[in-house]
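Data from upload05.cif: mmCIF, C-alpha atoms and all ligand atoms
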data_coords
loop_
_atom_site.label_atom_id
_atom_site.label_comp_id
_atom_site.auth_asym_id
_atom_site.auth_seq_id
_atom_site.Cartn_x
_atom_site.Cartn_y
_atom_site.Cartn_z
CA MET N 1383 -29.26 -117.06 -74.80
CA TYR N 1384 -31.45 -118.95 -72.32
CA VAL N 1385 -32.78 -122.50 -72.30
CA SER N 1386 -36.13 -121.32 -73.54
CA ASP N 1387 -36.87 -119.33 -76.71
CA CYS N 1388 -39.55 -117.25 -75.01
CA ILE N 1389 -37.13 -115.87 -72.40
CA SER N 1390 -35.08 -112.75 -73.07
CA VAL N 1391 -33.74 -109.55 -71.46
CA ASN N 1392 -35.22 -106.08 -72.06
CA GLU N 1393 -33.58 -102.65 -72.19
CA ARG N 1394 -33.95 -102.27 -68.41
CA GLY N 1395 -31.84 -105.37 -67.93
CA HIS N 1396 -34.88 -107.30 -66.72
CA LEU N 1397 -35.69 -110.86 -67.69
CA THR N 1398 -38.77 -111.18 -69.91
CA ILE N 1399 -41.13 -114.03 -70.75
CA GLY N 1400 -43.07 -113.64 -74.00
CA SER N 1401 -41.55 -110.10 -74.06
CA TYR N 1402 -43.26 -109.27 -70.73
CA ASP N 1403 -41.06 -107.87 -67.94
CA THR N 1404 -40.93 -110.51 -65.18
CA VAL N 1405 -40.17 -107.89 -62.49
CA GLU N 1406 -43.44 -106.17 -63.45
CA LEU N 1407 -45.25 -109.52 -63.17
CA VAL N 1408 -44.16 -109.78 -59.53
CA LYS N 1409 -45.28 -106.19 -58.89
CA GLN N 1410 -48.68 -106.91 -60.41
CA PHE N 1411 -49.41 -110.40 -59.12
CA GLY N 1412 -47.18 -110.78 -56.04
CA SER N 1413 -44.42 -113.23 -55.20
CA PRO N 1414 -43.84 -116.10 -55.73
CA LEU N 1415 -45.67 -117.01 -58.92
CA TYR N 1416 -45.56 -119.16 -62.03
CA ALA N 1417 -45.69 -117.44 -65.42
CA TYR N 1418 -46.17 -118.94 -68.90
CA ASP N 1419 -45.93 -117.59 -72.42
CA GLU N 1420 -49.24 -118.69 -73.98
CA ASN N 1421 -47.93 -118.26 -77.52
CA GLU N 1422 -45.10 -120.68 -76.76
CA ILE N 1423 -47.58 -123.31 -75.55
CA ARG N 1424 -49.66 -122.87 -78.71
CA LYS N 1425 -46.55 -122.96 -80.88
CA ASN N 1426 -45.50 -126.28 -79.36
CA LEU N 1427 -48.95 -127.84 -79.85
CA ARG N 1428 -48.99 -126.63 -83.46
CA GLU N 1429 -45.52 -128.01 -84.16
CA PHE N 1430 -46.54 -131.49 -83.07
CA LYS N 1431 -49.79 -131.22 -85.00
CA LYS N 1432 -48.01 -129.98 -88.11
CA SER N 1433 -45.48 -132.79 -87.86
CA ILE N 1434 -48.31 -135.35 -88.04
CA ASP N 1435 -49.86 -133.44 -90.96
CA ASP N 1436 -46.58 -133.16 -92.86
CA GLU N 1437 -44.99 -136.48 -92.05
CA TYR N 1438 -47.98 -138.78 -91.60
CA GLY N 1439 -50.69 -137.35 -93.82
CA GLY N 1440 -52.59 -135.99 -90.83
CA ASN N 1441 -53.62 -139.52 -89.88
CA GLY N 1442 -53.21 -139.01 -86.16
CA LEU N 1443 -53.98 -137.00 -83.05
CA VAL N 1444 -51.74 -135.02 -80.70
CA VAL N 1445 -52.98 -135.65 -77.18
CA TYR N 1446 -51.63 -133.25 -74.55
CA ALA N 1447 -50.66 -135.14 -71.37
CA SER N 1448 -52.30 -132.84 -68.88
CA LYS N 1449 -50.53 -134.25 -65.85
CA ALA N 1450 -47.64 -131.96 -66.85
CA PHE N 1451 -49.82 -128.91 -66.14
CA CYS N 1452 -53.60 -129.03 -65.83
CA CYS N 1453 -56.09 -126.21 -65.35
CA LYS N 1454 -59.22 -125.01 -67.11
CA GLU N 1455 -57.47 -122.46 -69.30
CA MET N 1456 -54.99 -125.08 -70.45
CA ALA N 1457 -57.89 -127.36 -71.46
CA ARG N 1458 -59.49 -124.46 -73.38
CA ILE N 1459 -56.26 -123.79 -75.24
CA VAL N 1460 -55.74 -127.45 -76.12
CA ALA N 1461 -59.33 -127.68 -77.40
CA ASP N 1462 -58.83 -124.48 -79.38
CA GLU N 1463 -55.72 -126.00 -81.00
CA LYS N 1464 -57.74 -129.12 -81.94
CA CYS N 1465 -55.61 -131.48 -79.91
CA GLY N 1466 -56.72 -134.21 -77.51
CA PHE N 1467 -56.40 -134.18 -73.70
CA ASP N 1468 -54.86 -137.03 -71.71
CA VAL N 1469 -56.09 -137.36 -68.12
CA VAL N 1470 -55.01 -139.74 -65.38
CA SER N 1471 -57.57 -139.07 -62.68
CA GLY N 1472 -61.15 -138.03 -62.04
CA GLY N 1473 -59.84 -134.58 -61.12
CA GLU N 1474 -58.09 -134.02 -64.43
CA LEU N 1475 -61.11 -135.43 -66.26
CA TYR N 1476 -63.41 -133.10 -64.32
CA THR N 1477 -61.22 -130.12 -65.25
CA ALA N 1478 -61.48 -130.94 -68.96
CA LEU N 1479 -65.23 -131.64 -68.85
CA SER N 1480 -65.86 -128.44 -66.89
CA VAL N 1481 -64.82 -126.35 -69.88
CA GLY N 1482 -66.69 -128.51 -72.37
CA PHE N 1483 -63.63 -130.30 -73.76
CA PRO N 1484 -64.83 -132.66 -76.55
CA ALA N 1485 -65.09 -136.03 -74.76
CA GLU N 1486 -64.27 -138.02 -77.89
CA ASP N 1487 -60.76 -136.53 -77.80
CA ILE N 1488 -60.13 -137.28 -74.13
CA VAL N 1489 -57.79 -140.19 -73.37
CA PHE N 1490 -58.06 -141.64 -69.86
CA HIS N 1491 -54.93 -143.27 -68.39
CA GLY N 1492 -54.01 -144.76 -65.04
CA ASN N 1493 -52.92 -148.08 -63.59
CA ASN N 1494 -55.62 -148.13 -60.93
CA LYS N 1495 -58.65 -146.12 -61.98
CA THR N 1496 -61.33 -146.41 -59.36
CA GLU N 1497 -64.80 -147.67 -60.15
CA ASP N 1498 -66.12 -144.11 -59.67
CA GLU N 1499 -63.59 -142.80 -62.16
CA LEU N 1500 -64.50 -145.48 -64.70
CA ARG N 1501 -68.19 -144.65 -64.30
CA MET N 1502 -67.48 -140.97 -64.71
CA ALA N 1503 -65.57 -141.70 -67.92
CA VAL N 1504 -68.32 -143.95 -69.32
CA GLU N 1505 -71.13 -141.54 -68.39
CA ASN N 1506 -69.32 -138.68 -70.09
CA ASN N 1507 -68.51 -140.64 -73.28
CA VAL N 1508 -64.70 -140.40 -73.00
CA GLY N 1509 -63.36 -141.46 -76.41
CA ARG N 1510 -60.55 -143.74 -75.32
CA ILE N 1511 -59.97 -145.38 -71.98
CA ILE N 1512 -56.48 -146.86 -71.82
CA VAL N 1513 -57.03 -150.12 -69.99
CA ASP N 1514 -54.13 -151.14 -67.79
CA ASN N 1515 -55.10 -154.56 -66.44
CA LEU N 1516 -57.71 -157.34 -66.54
CA THR N 1517 -59.54 -156.23 -63.40
CA GLU N 1518 -60.14 -152.89 -65.05
CA LEU N 1519 -61.14 -154.50 -68.34
CA HIS N 1520 -63.80 -156.59 -66.62
CA ASN N 1521 -65.07 -153.69 -64.49
CA LEU N 1522 -65.30 -151.42 -67.48
CA ASN N 1523 -67.14 -153.97 -69.60
CA SER N 1524 -69.73 -154.48 -66.86
CA ILE N 1525 -70.19 -150.76 -66.22
CA ALA N 1526 -70.71 -150.21 -69.95
CA ALA N 1527 -73.10 -153.19 -70.14
CA GLU N 1528 -75.10 -151.86 -67.21
CA LYS N 1529 -75.50 -148.56 -69.03
CA GLY N 1530 -76.16 -150.23 -72.38
CA VAL N 1531 -73.24 -148.55 -74.15
CA THR N 1532 -69.99 -149.54 -75.86
CA VAL N 1533 -66.81 -147.74 -74.77
CA GLY N 1534 -63.70 -147.17 -76.85
CA ILE N 1535 -60.59 -148.63 -75.27
CA MET N 1536 -56.92 -149.19 -75.97
CA LEU N 1537 -54.73 -151.59 -74.01
CA ARG N 1538 -51.51 -150.39 -72.43
CA ILE N 1539 -48.65 -152.65 -73.40
CA LYS N 1540 -45.17 -152.88 -71.84
CA PRO N 1541 -43.13 -153.07 -75.02
CA GLY N 1542 -39.92 -154.06 -73.21
CA ILE N 1543 -38.10 -150.85 -74.08
CA ASP N 1544 -36.97 -148.71 -71.21
CA ALA N 1545 -35.75 -145.31 -72.36
CA HIS N 1546 -33.81 -142.89 -70.20
CA THR N 1547 -32.64 -139.42 -71.00
CA HIS N 1548 -29.55 -140.37 -72.93
CA SER N 1549 -29.84 -144.09 -73.44
CA PHE N 1550 -32.31 -146.88 -73.69
CA VAL N 1551 -32.33 -150.54 -72.95
CA LYS N 1552 -34.35 -153.30 -74.43
CA THR N 1553 -35.10 -155.45 -71.44
CA GLY N 1554 -37.87 -157.65 -70.24
CA GLN N 1555 -39.15 -154.65 -68.29
CA ILE N 1556 -41.82 -156.84 -66.76
CA ASP N 1557 -41.17 -154.99 -63.54
CA SER N 1558 -43.45 -152.03 -64.08
CA LYS N 1559 -46.79 -151.30 -62.48
CA PHE N 1560 -48.16 -150.10 -65.82
CA GLY N 1561 -49.74 -152.26 -68.47
CA PHE N 1562 -49.74 -155.77 -69.90
CA ALA N 1563 -46.48 -157.67 -70.43
CA LEU N 1564 -45.61 -158.66 -73.95
CA GLU N 1565 -43.19 -161.52 -73.52
CA THR N 1566 -45.31 -163.60 -71.16
CA GLY N 1567 -48.20 -163.68 -73.62
CA GLU N 1568 -50.31 -161.64 -71.17
CA ALA N 1569 -50.76 -158.86 -73.73
CA LEU N 1570 -51.99 -161.11 -76.53
CA ASP N 1571 -54.33 -163.06 -74.22
CA SER N 1572 -55.82 -159.83 -72.92
CA ILE N 1573 -56.28 -158.42 -76.42
CA LYS N 1574 -58.20 -161.56 -77.39
CA GLU N 1575 -60.31 -161.27 -74.29
CA ALA N 1576 -61.11 -157.61 -75.03
CA LEU N 1577 -62.00 -158.46 -78.63
CA GLY N 1578 -64.54 -160.97 -77.36
CA MET N 1579 -66.31 -158.50 -75.08
CA SER N 1580 -69.58 -156.94 -76.13
CA ASN N 1581 -69.41 -153.55 -74.40
CA VAL N 1582 -65.88 -152.44 -75.17
CA LYS N 1583 -64.53 -151.59 -78.59
CA LEU N 1584 -60.77 -152.19 -78.79
CA ARG N 1585 -59.51 -149.28 -80.89
CA GLY N 1586 -55.83 -150.16 -80.63
CA LEU N 1587 -52.77 -150.41 -78.41
CA HIS N 1588 -50.74 -147.99 -76.34
CA CYS N 1589 -47.19 -147.82 -75.02
CA HIS N 1590 -45.17 -145.15 -73.21
CA ILE N 1591 -41.45 -145.79 -72.88
CA GLY N 1592 -40.23 -143.07 -70.53
CA SER N 1593 -39.73 -139.35 -70.06
CA GLN N 1594 -37.23 -136.64 -70.99
CA ILE N 1595 -35.95 -138.82 -73.88
CA PHE N 1596 -33.55 -137.20 -76.37
CA ASP N 1597 -32.81 -140.18 -78.57
CA LEU N 1598 -35.20 -141.08 -81.42
CA ASP N 1599 -34.24 -144.75 -81.77
CA PRO N 1600 -36.26 -146.03 -78.80
CA PHE N 1601 -39.46 -144.56 -80.28
CA GLU N 1602 -38.79 -146.24 -83.61
CA LEU N 1603 -38.06 -149.53 -81.90
CA ALA N 1604 -41.24 -149.23 -79.80
CA ALA N 1605 -43.29 -148.67 -82.97
CA GLN N 1606 -41.82 -151.83 -84.50
CA VAL N 1607 -42.44 -153.93 -81.41
CA MET N 1608 -46.04 -152.72 -81.29
CA LEU N 1609 -46.63 -153.40 -84.99
CA ASP N 1610 -45.31 -156.94 -84.52
CA LEU N 1611 -48.06 -157.35 -81.96
CA PHE N 1612 -50.65 -155.88 -84.39
CA LYS N 1613 -49.53 -158.53 -86.88
CA GLN N 1614 -49.78 -161.31 -84.32
CA VAL N 1615 -53.30 -160.18 -83.43
CA LYS N 1616 -54.27 -160.15 -87.11
CA ASP N 1617 -52.82 -163.63 -87.70
CA GLU N 1618 -54.51 -165.17 -84.71
CA THR N 1619 -57.88 -163.43 -84.74
CA GLY N 1620 -58.28 -162.05 -88.26
CA ILE N 1621 -58.87 -158.60 -86.74
CA GLU N 1622 -56.73 -155.66 -87.70
CA LEU N 1623 -56.40 -153.06 -84.94
CA GLU N 1624 -56.72 -149.47 -86.10
CA GLU N 1625 -54.83 -147.25 -83.69
CA LEU N 1626 -51.30 -147.07 -82.35
CA ASN N 1627 -50.60 -144.77 -79.40
CA LEU N 1628 -46.88 -144.17 -78.86
CA GLY N 1629 -47.15 -142.13 -75.66
CA GLY N 1630 -45.03 -139.09 -74.77
CA GLY N 1631 -41.64 -138.49 -73.23
CA PHE N 1632 -39.97 -136.05 -75.64
CA GLY N 1633 -37.05 -134.31 -73.93
CA ILE N 1634 -36.80 -130.56 -73.34
CA LYS N 1635 -33.97 -128.19 -72.49
CA TYR N 1636 -33.43 -127.65 -68.78
CA LEU N 1637 -29.77 -126.69 -69.19
CA LYS N 1638 -27.94 -125.27 -72.17
CA SER N 1639 -26.13 -128.59 -72.57
CA ASP N 1640 -29.44 -130.42 -73.21
CA ARG N 1641 -30.05 -131.08 -76.91
CA PRO N 1642 -33.65 -131.99 -77.64
CA ARG N 1643 -34.54 -133.07 -81.19
CA ALA N 1644 -37.04 -131.15 -83.31
CA TYR N 1645 -40.52 -132.69 -83.08
CA SER N 1646 -40.62 -132.94 -86.86
CA ASP N 1647 -37.50 -135.17 -86.72
CA TYR N 1648 -39.31 -137.43 -84.30
CA MET N 1649 -42.43 -137.68 -86.48
CA ARG N 1650 -40.38 -138.18 -89.63
CA LYS N 1651 -38.47 -141.05 -88.11
CA VAL N 1652 -41.53 -142.69 -86.58
CA SER N 1653 -43.66 -142.20 -89.71
CA THR N 1654 -41.04 -143.72 -91.94
CA ALA N 1655 -40.66 -146.65 -89.59
CA VAL N 1656 -44.41 -147.21 -89.19
CA ASN N 1657 -45.17 -146.88 -92.90
CA SER N 1658 -42.46 -149.22 -94.09
CA TYR N 1659 -42.78 -151.71 -91.27
CA ALA N 1660 -46.57 -151.92 -91.59
CA ALA N 1661 -46.17 -152.48 -95.34
CA ASP N 1662 -43.62 -155.25 -94.70
CA LEU N 1663 -46.05 -156.97 -92.36
CA GLY N 1664 -49.01 -156.51 -94.73
CA LEU N 1665 -50.82 -154.20 -92.30
CA LYS N 1666 -52.71 -150.97 -92.96
CA THR N 1667 -50.90 -147.92 -91.59
CA PRO N 1668 -52.55 -147.24 -88.25
CA PHE N 1669 -54.01 -143.98 -86.97
CA ILE N 1670 -51.32 -142.62 -84.62
CA LEU N 1671 -51.67 -140.91 -81.25
CA ILE N 1672 -48.81 -139.17 -79.46
CA GLU N 1673 -48.98 -137.78 -75.93
CA PRO N 1674 -46.50 -134.96 -75.31
CA GLY N 1675 -46.71 -133.34 -71.88
CA ARG N 1676 -43.44 -131.79 -70.76
CA SER N 1677 -42.49 -130.70 -74.29
CA ILE N 1678 -45.68 -128.61 -74.61
CA VAL N 1679 -45.45 -126.63 -71.37
CA GLY N 1680 -42.05 -127.20 -69.75
CA ALA N 1681 -39.96 -124.51 -71.41
CA ALA N 1682 -42.98 -122.19 -71.77
CA GLY N 1683 -43.08 -121.55 -68.02
CA LEU N 1684 -40.89 -120.21 -65.23
CA THR N 1685 -41.16 -119.52 -61.50
CA LEU N 1686 -40.47 -116.12 -59.94
CA TYR N 1687 -39.40 -115.78 -56.33
CA THR N 1688 -38.19 -112.99 -54.07
CA VAL N 1689 -34.85 -113.40 -52.29
CA GLY N 1690 -35.09 -113.28 -48.50
CA CYS N 1691 -31.85 -113.98 -46.68
CA VAL N 1692 -28.43 -114.61 -48.13
CA LYS N 1693 -26.45 -116.88 -45.82
CA ASP N 1694 -22.77 -117.19 -46.57
CA ILE N 1695 -21.06 -120.02 -44.71
CA PRO N 1696 -17.33 -119.39 -45.25
CA ASP N 1697 -15.51 -122.29 -46.94
CA VAL N 1698 -18.79 -124.22 -47.16
CA ARG N 1699 -21.36 -122.55 -49.41
CA THR N 1700 -23.78 -119.67 -49.81
CA TYR N 1701 -27.48 -120.27 -49.39
CA ILE N 1702 -29.87 -117.90 -51.15
CA SER N 1703 -33.31 -118.42 -49.60
CA VAL N 1704 -36.46 -117.63 -51.55
CA ASP N 1705 -40.14 -117.28 -50.64
CA GLY N 1706 -41.14 -120.63 -52.17
CA GLY N 1707 -39.48 -124.02 -52.43
CA MET N 1708 -40.30 -127.72 -52.55
CA GLY N 1709 -44.01 -126.94 -52.18
CA ASP N 1710 -44.09 -125.32 -55.61
CA ASN N 1711 -41.18 -127.26 -57.14
CA PRO N 1712 -40.52 -130.67 -55.59
CA ARG N 1713 -38.44 -131.88 -58.54
CA TYR N 1714 -35.00 -131.12 -57.13
CA ALA N 1715 -35.84 -132.82 -53.85
CA LEU N 1716 -37.32 -135.78 -55.74
CA TYR N 1717 -34.84 -136.28 -58.57
CA GLN N 1718 -32.10 -133.64 -58.34
CA SER N 1719 -33.55 -132.07 -61.47
CA THR N 1720 -31.39 -129.39 -63.07
CA TYR N 1721 -32.63 -125.85 -63.70
CA GLU N 1722 -31.20 -122.59 -64.93
CA VAL N 1723 -31.55 -119.76 -62.38
CA VAL N 1724 -31.37 -116.04 -63.23
CA CYS N 1725 -31.70 -112.88 -61.17
CA ALA N 1726 -34.62 -111.31 -63.03
CA ASN N 1727 -33.84 -107.70 -62.12
CA LYS N 1728 -30.09 -108.08 -62.83
CA ALA N 1729 -30.38 -110.29 -65.89
CA SER N 1730 -27.80 -108.40 -67.93
CA GLU N 1731 -25.14 -108.79 -65.22
CA LYS N 1732 -22.74 -111.71 -65.23
CA ARG N 1733 -23.62 -114.90 -63.40
CA ASP N 1734 -20.31 -115.43 -61.63
CA TRP N 1735 -21.35 -116.42 -58.12
CA THR N 1736 -21.80 -120.07 -57.19
CA VAL N 1737 -24.70 -120.48 -54.79
CA THR N 1738 -27.34 -122.86 -53.53
CA VAL N 1739 -30.93 -121.71 -53.90
CA ALA N 1740 -33.03 -122.89 -50.95
CA GLY N 1741 -36.73 -122.75 -50.20
CA LYS N 1742 -38.50 -121.71 -47.01
CA CYS N 1743 -39.81 -125.10 -45.90
CA CYS N 1744 -38.76 -126.77 -42.66
CA GLU N 1745 -36.73 -129.44 -44.38
CA SER N 1746 -32.98 -129.44 -45.20
CA GLY N 1747 -33.72 -131.10 -48.53
CA ASP N 1748 -35.88 -128.15 -49.56
CA LEU N 1749 -33.52 -126.92 -52.27
CA ILE N 1750 -34.28 -125.60 -55.74
CA GLN N 1751 -30.77 -125.91 -57.12
CA GLU N 1752 -27.30 -126.49 -55.68
CA TRP N 1753 -23.97 -125.07 -56.90
CA THR N 1754 -25.60 -122.97 -59.59
CA ARG N 1755 -24.22 -119.79 -61.14
CA LEU N 1756 -26.02 -116.57 -60.30
CA GLN N 1757 -25.64 -112.79 -60.43
CA PRO N 1758 -24.60 -111.11 -57.14
CA VAL N 1759 -28.04 -111.06 -55.49
CA GLU N 1760 -29.26 -109.31 -52.37
CA PRO N 1761 -32.43 -109.54 -50.30
CA GLY N 1762 -35.37 -108.20 -52.29
CA ASP N 1763 -34.06 -109.30 -55.69
CA ILE N 1764 -36.30 -111.41 -57.93
CA LEU N 1765 -35.09 -114.88 -58.92
CA ALA N 1766 -36.37 -116.69 -61.97
CA VAL N 1767 -36.10 -120.48 -62.26
CA LEU N 1768 -36.51 -121.37 -65.92
CA SER N 1769 -38.34 -124.24 -67.62
CA THR N 1770 -40.60 -124.99 -64.68
CA GLY N 1771 -43.75 -125.20 -66.81
CA ALA N 1772 -44.10 -128.99 -66.48
CA TYR N 1773 -44.53 -131.02 -63.29
CA ASN N 1774 -44.20 -128.03 -60.97
CA TYR N 1775 -47.68 -126.57 -60.44
CA SER N 1776 -49.09 -130.05 -61.06
CA MET N 1777 -46.87 -131.59 -58.36
CA ALA N 1778 -47.24 -128.73 -55.90
CA SER N 1779 -48.26 -129.36 -52.31
CA ASN N 1780 -49.30 -127.35 -49.29
CA TYR N 1781 -46.38 -128.57 -47.17
CA ASN N 1782 -46.00 -126.26 -44.16
CA ARG N 1783 -49.44 -124.92 -45.13
CA ILE N 1784 -47.95 -122.61 -47.66
CA PRO N 1785 -50.64 -121.55 -50.14
CA ARG N 1786 -50.23 -122.66 -53.75
CA LEU N 1787 -48.90 -120.01 -56.14
CA PRO N 1788 -50.93 -118.29 -58.81
CA VAL N 1789 -50.34 -118.99 -62.51
CA VAL N 1790 -50.12 -116.04 -64.88
CA PHE N 1791 -50.32 -116.36 -68.66
CA VAL N 1792 -48.64 -113.72 -70.78
CA LYS N 1793 -49.82 -113.15 -74.34
CA ASN N 1794 -49.16 -110.32 -76.78
CA GLY N 1795 -48.12 -107.79 -74.13
CA LYS N 1796 -50.93 -108.68 -71.70
CA ALA N 1797 -50.78 -110.73 -68.51
CA ARG N 1798 -53.71 -112.45 -66.81
CA GLU N 1799 -54.13 -114.87 -63.93
CA VAL N 1800 -55.38 -118.27 -65.04
CA ILE N 1801 -55.07 -119.73 -61.54
CA LYS N 1802 -55.41 -117.43 -58.55
CA ARG N 1803 -53.16 -117.54 -55.52
CA GLU N 1804 -54.57 -119.83 -52.87
CA THR N 1805 -55.72 -118.01 -49.74
CA TYR N 1806 -55.37 -118.94 -46.06
CA GLU N 1807 -59.19 -119.31 -45.94
CA GLN N 1808 -58.99 -121.88 -48.73
CA LEU N 1809 -56.24 -123.72 -46.87
CA VAL N 1810 -58.59 -124.40 -43.95
CA GLU N 1811 -61.73 -124.80 -46.05
CA CYS N 1812 -61.89 -128.59 -45.74
CA ASP N 1813 -60.89 -128.63 -42.09
CA VAL N 1814 -63.70 -129.37 -39.65
C1 LIG N 1901 -46.45 -138.98 -68.33
C2 LIG N 1901 -47.06 -139.54 -69.54
C3 LIG N 1901 -47.04 -138.82 -70.74
C4 LIG N 1901 -46.33 -137.50 -70.89
O1 LIG N 1901 -44.97 -137.62 -70.66
P1 LIG N 1901 -44.00 -136.37 -70.94
O2 LIG N 1901 -42.67 -136.87 -70.52
O3 LIG N 1901 -44.48 -135.26 -70.08
O4 LIG N 1901 -44.11 -136.04 -72.38
C5 LIG N 1901 -47.70 -139.35 -71.82
N1 LIG N 1901 -48.33 -140.55 -71.75
C6 LIG N 1901 -48.36 -141.28 -70.61
C7 LIG N 1901 -49.07 -142.56 -70.58
C8 LIG N 1901 -47.72 -140.80 -69.48
O5 LIG N 1901 -47.72 -141.55 -68.35
#

Would you mind writing the file's structure down as structure tokens?
Amino acid sequence: MYVSDCISVNERGHLTIGSYDTVELVKQFGSPLYAYDENEIRKNLREFKKSIDDEYGGNGLVVYASKAFCCKEMARIVADEKCGFDVVSGGELYTALSVGFPAEDIVFHGNNKTEDELRMAVENNVGRIIVDNLTELHNLNSIAAEKGVTVGIMLRIKPGIDAHTHSFVKTGQIDSKFGFALETGEALDSIKEALGMSNVKLRGLHCHIGSQIFDLDPFELAAQVMLDLFKQVKDETGIELEELNLGGGFGIKYLKSDRPRAYSDYMRKVSTAVNSYAADLGLKTPFILIEPGRSIVGAAGLTLYTVGCVKDIPDVRTYISVDGGMGDNPRYALYQSTYEVVCANKASEKRDWTVTVAGKCCESGDLIQEWTRLQPVEPGDILAVLSTGAYNYSMASNYNRIPRLPVVFVKNGKAREVIKRETYEQLVECDV
């Protein structure tokens, strides 16, 4: 009925997440707030893991891309599900380490990691640092040498495949700030350089071709392009790289018209391609890493707001203003992202009113959704914006000094805060 399987309507006509009444969540934890169904998050992690077990003999690791949604409890859950954790900053790394996340299964990304971040990663024995450029490679090798250790690395390659939601193009794609270019020979030269270094161990190669991708072909093509490079490395150096990291980017449902593919379909297609292509090239089948972010948490979360004013501008449009906005969800302002909106306390009524949902920030562009269908709402009603589990909390700001929202996890009929609502005292804590 809704874009997410964990969303439904109860006998009171209220919207539920993980069978928990969302109107009750607002009563208990205040408004606005983010809520997630923990079982849905675990189910998604398990589906990816199972797909590697079933389709690829378990010879791989699911690494959750924590930039989609990062907090301590999320790191605990990912560790509990025996998946890896992908971080892109010292802050995300700190979050994972603070709950004792196994460092060997942490993957550290970023196109401009600072020297402090690299040191932090080396000192804490992060299993794989994804090296983006030569400056970083040299810095990392000297930091590791200084400490008398060898660090596991992968190199990020631009495979020349640029995938968008519904299409992909095979271009030069040299114009990206991430990684080493393939077609200029930069990638191969850098691989050779890394192989000659004494304090880094090159575990394999990484690529990430985009986000919110529905089509499976670009992933298959990326795997082939990367294996061609494995073969070239083997021919020229005699060394066979062991690991292939294919990144993330699996699409989710934001609107009913979105048609994501089952994760098992993805793994089946990629496994078949990798197995047969590696055999053709005379290579061993590599250990595979995949890095889903959005597809783990996106549809498992929603945002709940309270309606303030309803402003009808005759012959123009109706603005429904809520007690949050671009501070907790900047995605509409940034990319006109689509979302399904429901009145949580009138969920069984028809959505036959076309409205624009606006936030409370001093900014005309502070909109959550334009020209969306909604039940006839009034001030005091609760609005739910669905599938906000990815890139909402993690992209939140304190614009207008609005405190960040709490995050509530629902599981088996119980709700608990995993991130508390920010207070005004905390807002001024760093001010001097
Ligand atoms: C953003 C990112 C991901 C996760 O992307 P999703 O679209 O959220 O699945 C994985 N790997 C890398 C390197 C990324 O930059």

Neighbour list for Met1456 (chain N) as a PyMOL selection string, cut-off 10 Å, all atoms listed in the file, skip fewer than 5 positions in-chain
chain N and resi 1420+1423+1446+1448+1451+1461-1462+1467+1477-1478+1481+1679+1800

Output the selection as a compact mmCIF listing (two decimals), in the frame of the given file - C-alpha atoms for each residue.
# COMPACT_ATOMS: atom_id res chain seq x y z
CA GLU N 1420 -49.24 -118.69 -73.98
CA ILE N 1423 -47.58 -123.31 -75.55
CA TYR N 1446 -51.63 -133.25 -74.55
CA SER N 1448 -52.30 -132.84 -68.88
CA PHE N 1451 -49.82 -128.91 -66.14
CA ALA N 1461 -59.33 -127.68 -77.40
CA ASP N 1462 -58.83 -124.48 -79.38
CA PHE N 1467 -56.40 -134.18 -73.70
CA THR N 1477 -61.22 -130.12 -65.25
CA ALA N 1478 -61.48 -130.94 -68.96
CA VAL N 1481 -64.82 -126.35 -69.88
CA VAL N 1679 -45.45 -126.63 -71.37
CA VAL N 1800 -55.38 -118.27 -65.04

Could you state the separation of CA of Ala1729 (chain N) and CA of Ile1399 (chain N) in Å, given to one decimal place?
12.4 Å

Which residue, N:Val1724, N:Pro1758, N:Glu1463, N:Leu1577, has the smallest gap to Leu1686 (chain N) when you use all atoms listed in the file?
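Using all atoms listed in the file, Leu1686 (chain N) sits closest to N:Val1724.
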
Go through chain N residue by residue and, counting all atoms listed in the file, keep those with an atom at most 6 Å from ligand LIG 1901 (chain N); for each kept residue give the shortest atom pair and its distance in Å to one decimal, ordered by chain and increasing number, as CSV.
residue,atom,partner,partner_atom,distance
N:Ala1447,CA,N:LIG1901,C4,5.0
N:Ala1450,CA,N:LIG1901,O3,5.6
N:His1590,CA,N:LIG1901,C7,5.4
N:Ser1593,CA,N:LIG1901,O2,3.9
N:Gln1594,CA,N:LIG1901,O2,5.5
N:Gly1629,CA,N:LIG1901,N1,4.4
N:Gly1630,CA,N:LIG1901,O4,4.0
N:Gly1631,CA,N:LIG1901,O2,3.3
N:Phe1632,CA,N:LIG1901,O4,5.3
N:Glu1673,CA,N:LIG1901,C5,4.6
N:Pro1674,CA,N:LIG1901,O4,3.9
N:Gly1675,CA,N:LIG1901,O3,3.4
N:Arg1676,CA,N:LIG1901,O3,3.7
N:Ser1677,CA,N:LIG1901,O4,5.9

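For the pair CA of Arg1458 (chain N) and CA of Val1489 (chain N), the separation is 15.8 Å.
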
Region 1556-1569 of chain N: axis-aligned bounding box, 8 Å on each side, centre and edge lengths in Å, one decimal, as lines of an AutoDock Vina configuration file:
center_x = -46.0
center_y = -156.9
center_z = -68.2
size_x = 25.6
size_y = 29.6
size_z = 27.5

I'd like the neighbourhood of Gly1747 (chain N) as an mmCIF file with C-alpha atoms, keeping the file's coordinate frame, where a residue qualifies if any of its atoms comes within 10 Å (using all atoms listed in the file), though same-chain residues fewer than 4 positions away should be ignored.
data_model
loop_
_atom_site.group_PDB
_atom_site.id
_atom_site.type_symbol
_atom_site.label_atom_id
_atom_site.label_comp_id
_atom_site.auth_asym_id
_atom_site.auth_seq_id
_atom_site.Cartn_x
_atom_site.Cartn_y
_atom_site.Cartn_z
ATOM 1 C CA GLY N 1707 -39.480 -124.020 -52.430
ATOM 2 C CA MET N 1708 -40.300 -127.720 -52.550
ATOM 3 C CA PRO N 1712 -40.520 -130.670 -55.590
ATOM 4 C CA TYR N 1714 -35.000 -131.120 -57.130
ATOM 5 C CA ALA N 1715 -35.840 -132.820 -53.850
ATOM 6 C CA LEU N 1716 -37.320 -135.780 -55.740
ATOM 7 C CA ALA N 1740 -33.030 -122.890 -50.950
ATOM 8 C CA GLY N 1741 -36.730 -122.750 -50.200
ATOM 9 C CA CYS N 1743 -39.810 -125.100 -45.900
#
